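Worksheet for the structure shown next.
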There are 2 protein chains.
Amino acid sequence: MTLTGGSPPTLFPVAERSLVLASASPARLRVLRDAGFDPKVVMSGVDEDAVEAPDTKSLVTVLATLKARAVADRTGDAVVIGCDSMLEFDGEPHGKPSSVDQARAWLQAMRGGSGTLYTGHCVIDERTGREASGVVATVVRFGVTSDAELDAYLATGEAMMVAGAFTLDGRSAPFIDGVDGDPASVIGLSLAKVRALLATLDISITDLWATVAS
Amino acid sequence: MTLTGGSPPTLFPVAERSLVLASASPARLRVLRDAGFDPKVVMSGVDEDAVEAPDTKSLVTVLATLKARAVADRTGDAVVIGCDSMLEFDGEPHGKPSSVDQARAWLQAMRGGSGTLYTGHCVIDERTGREASGVVATVVRFGVTSDAELDAYLATGEAMMVAGAFTLDGRSAPFIDGVDGDPASVIGLSLAKVRALLATLDISITDLWATVAS
């Protein structure tokens, strides 16, 4: 068949599988979109505070799984991705700070040191009901910042909205010296991990790509 | 003074110093914008092929410096940033691939291995004429990809547009297992390095932030 209508040419077909992101995180959506995916966003409604686990690594994996399962119950024929992230510093899990003073105290304690960002991932194939989950641990190395720099950063308001009170690619980017691991797992989710988990379900991640034009 | 007009409130003042990016790279511009900077883009016109250096590390630093100097000659009172990036794999520098076949050969050789992405940075303070330069080396670990995955990736066309035939945050993100170093240096430029270079010129990077609203 030859294209005769007004449709733009595409270099490869539209997505063979539809994708659902069980998260309201704009950062996760952006990581996916930047890499050519166009997921439907469905919030899971999981009460994160009601979940307990023996350690940070287990907690984020359990939460990612609960989120994916909650959404997979309500939709049809898609691949569902659930995620959860937490920073561990000095043996303590750090979610979003509860006050500017707490954010300042964290940032002061973290400067010149390093923490580990854990991101749990769960994928569910609604066609088969099979699921796979796994965690990615990425070491984040914080630069040596001055109090003036931290005050300027805190004034932007960003710290209050993010786990660990920092971003890798936002206003605090100049204050992070580097990472050891998958940076996308710090920003939102690891596509390398999602690819590996999907492979165990016999799904190729490239089948989830949207069209070039989208 | 109390704000009485229609202007939106800002949490901190507009940039105290203006910023110029001596590069047409959309990835570098985006790294800066995501972190709250709003640089003016000025292309340097430097003939990159005419420059020689003993190794990749020196080459990217020389090119970054030539780009910044070329632009600093033509503008006024700003801080100028010049950058250049190259992937070194198996001892060979890899810029943009010259053909799809070359891109495929590179990606096949790199899978399961690692390379080093060198990004040279140069900052010039036009007020004083002082400059500072430095290089960031980041190890990139490539996942084990199938020929089918590489063919799907090559069909997107992205590989032809980027140094080393891959991106960390674009279509090839699922095929990169991780990095050791500053991921922003792989995507475009290291803001941690820019911050450090500016500090040697007695400039605080937070003085270059645009307003919250921009």
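Chain labels run A, B, ... following the order of the structure tokens; each chain numbers its residues from 1, and ligands are numbered from 1 in the order shown.
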Interface, chain B side, toward chain A (10 Å; only C-alpha atoms) as a PyMOL selection string: chain B and resi 10-12+30-37+138-143+148-150+152-157+167-185+190-196+204-207+209+211-212
Contacts of Ser98 (chain B) at 10 Å (only C-alpha atoms; same-chain gap of 3+ positions) as number ranges by chain: B: 95, 101-103, 160-161, 165
Go ahead and write the selection's residues with N, CA and C atoms as a PDB file, in the first residue's frame.
```pdb
ATOM      1  N   GLY B  95      33.005  11.626  16.998  1.00  0.00           N
ATOM      2  CA  GLY B  95      32.091  12.763  16.884  1.00  0.00           C
ATOM      3  C   GLY B  95      30.757  12.250  16.348  1.00  0.00           C
ATOM      4  N   ASP B 101      25.653   3.275   8.425  1.00  0.00           N
ATOM      5  CA  ASP B 101      26.478   2.079   8.591  1.00  0.00           C
ATOM      6  C   ASP B 101      27.551   2.295   9.657  1.00  0.00           C
ATOM      7  N   GLN B 102      28.140   3.497   9.661  1.00  0.00           N
ATOM      8  CA  GLN B 102      29.144   3.782  10.681  1.00  0.00           C
ATOM      9  C   GLN B 102      28.507   3.828  12.067  1.00  0.00           C
ATOM     10  N   ALA B 103      27.340   4.465  12.162  1.00  0.00           N
ATOM     11  CA  ALA B 103      26.627   4.524  13.443  1.00  0.00           C
ATOM     12  C   ALA B 103      26.328   3.108  13.945  1.00  0.00           C
ATOM     13  N   MET B 160      22.378   9.873  14.012  1.00  0.00           N
ATOM     14  CA  MET B 160      23.163  10.646  13.046  1.00  0.00           C
ATOM     15  C   MET B 160      23.425  12.074  13.513  1.00  0.00           C
ATOM     16  N   MET B 161      22.673  12.506  14.514  1.00  0.00           N
ATOM     17  CA  MET B 161      22.745  13.920  14.905  1.00  0.00           C
ATOM     18  C   MET B 161      23.619  14.182  16.121  1.00  0.00           C
ATOM     19  N   ALA B 165      26.938   8.782  18.427  1.00  0.00           N
ATOM     20  CA  ALA B 165      25.750   8.093  17.881  1.00  0.00           C
ATOM     21  C   ALA B 165      24.766   7.639  18.959  1.00  0.00           C
TER      22      ALA B 165
END
```
Which of chain A fall in strand (DSSP E or B), as number ranges by chain: A: 19-21, 40-41, 79-89, 92-94, 114-125, 131-142, 176-181
Output file for the selection above: C-alpha atoms, as a compact mmCIF listing (two decimals), in the first residue's frame:
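Written out: again33.txt:
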```txt
# COMPACT_ATOMS: atom_id res chain seq x y z
CA LEU A 19 1.74 2.49 27.83
CA VAL A 20 0.31 3.67 31.15
CA LEU A 21 2.34 5.55 33.76
CA LYS A 40 -1.24 7.82 29.43
CA VAL A 41 -0.95 9.07 33.01
CA VAL A 79 1.74 -2.08 29.73
CA VAL A 80 1.68 -0.34 33.12
CA ILE A 81 4.72 1.22 34.81
CA GLY A 82 4.77 2.10 38.53
CA CYS A 83 7.71 3.79 40.29
CA ASP A 84 8.73 5.24 43.61
CA SER A 85 11.92 7.07 44.65
CA MET A 86 13.65 7.92 47.91
CA LEU A 87 17.07 9.30 48.84
CA GLU A 88 19.00 7.50 51.53
CA PHE A 89 21.57 9.65 53.33
CA GLU A 92 18.02 7.63 56.76
CA PRO A 93 15.37 7.74 54.01
CA HIS A 94 14.58 11.27 52.76
CA SER A 114 27.05 11.42 48.89
CA GLY A 115 23.70 9.67 49.17
CA THR A 116 21.98 6.82 47.37
CA LEU A 117 18.81 7.42 45.38
CA TYR A 118 16.66 4.29 45.26
CA THR A 119 14.00 4.01 42.57
CA GLY A 120 11.64 1.05 42.58
CA HIS A 121 10.10 -0.01 39.27
CA CYS A 122 7.23 -2.37 38.50
CA VAL A 123 5.88 -3.25 35.06
CA ILE A 124 2.67 -5.17 34.45
CA ASP A 125 1.51 -6.64 31.15
CA GLU A 131 4.52 -8.49 36.35
CA ALA A 132 8.19 -7.80 37.04
CA SER A 133 9.81 -5.45 39.53
CA GLY A 134 13.26 -4.25 40.48
CA VAL A 135 15.15 -1.44 42.13
CA VAL A 136 17.91 0.85 40.84
CA ALA A 137 20.39 2.36 43.30
CA THR A 138 22.33 5.40 42.11
CA VAL A 139 24.97 7.19 44.14
CA VAL A 140 24.62 10.98 44.07
CA ARG A 141 27.69 13.08 44.91
CA PHE A 142 26.85 16.50 46.34
CA ILE A 176 25.59 18.08 42.19
CA ASP A 177 29.07 16.95 41.19
CA GLY A 178 27.97 13.69 39.61
CA VAL A 179 26.37 10.29 39.98
CA ASP A 180 27.38 6.66 39.74
CA GLY A 181 24.48 4.80 38.18
```
6 Å contact set for region 68-78 of chain B, only C-alpha atoms, chain neighbours under 6 positions out, as an NGL selection string: :B and (18-19 or 22 or 44 or 126-127)
With C-alpha atoms retained, export the selected residues as a PDB file, in the first residue's frame.
```
ATOM      1  CA  SER B  18      23.675  38.202  31.493  1.00  0.00           C
ATOM      2  CA  LEU B  19      24.758  34.899  30.009  1.00  0.00           C
ATOM      3  CA  ALA B  22      28.610  30.133  22.370  1.00  0.00           C
ATOM      4  CA  SER B  44      30.863  30.929  17.230  1.00  0.00           C
ATOM      5  CA  GLU B 126      33.684  40.129  29.481  1.00  0.00           C
ATOM      6  CA  ARG B 127      33.841  42.755  32.226  1.00  0.00           C
TER       7      ARG B 127
END
```
Using only C-alpha atoms, which residues sit within 8 Å of Val62 (chain B) once same-chain residues fewer than 4 positions away are excluded, as an mmCIF file with N, CA and C atoms, in the first residue's frame?
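Ended up saving to out-v4.cif:
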```cif
data_model
loop_
_atom_site.group_PDB
_atom_site.id
_atom_site.type_symbol
_atom_site.label_atom_id
_atom_site.label_comp_id
_atom_site.auth_asym_id
_atom_site.auth_seq_id
_atom_site.Cartn_x
_atom_site.Cartn_y
_atom_site.Cartn_z
ATOM 1 N N ALA B 53 44.807 18.610 18.164
ATOM 2 C CA ALA B 53 45.289 18.545 19.548
ATOM 3 C C ALA B 53 45.811 17.134 19.787
ATOM 4 N N SER B 58 42.367 17.313 25.363
ATOM 5 C CA SER B 58 42.893 18.622 24.962
ATOM 6 C C SER B 58 42.045 19.227 23.856
ATOM 7 N N LEU B 66 38.171 28.233 22.054
ATOM 8 C CA LEU B 66 38.091 29.001 20.796
ATOM 9 C C LEU B 66 36.662 29.509 20.569
ATOM 10 N N GLY B 120 34.671 19.737 27.100
ATOM 11 C CA GLY B 120 35.486 20.895 27.448
ATOM 12 C C GLY B 120 34.597 22.086 27.722
#
```
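One finds CA of Ala210 (chain B) at 8.8 Å from CA of Pro39 (chain B).
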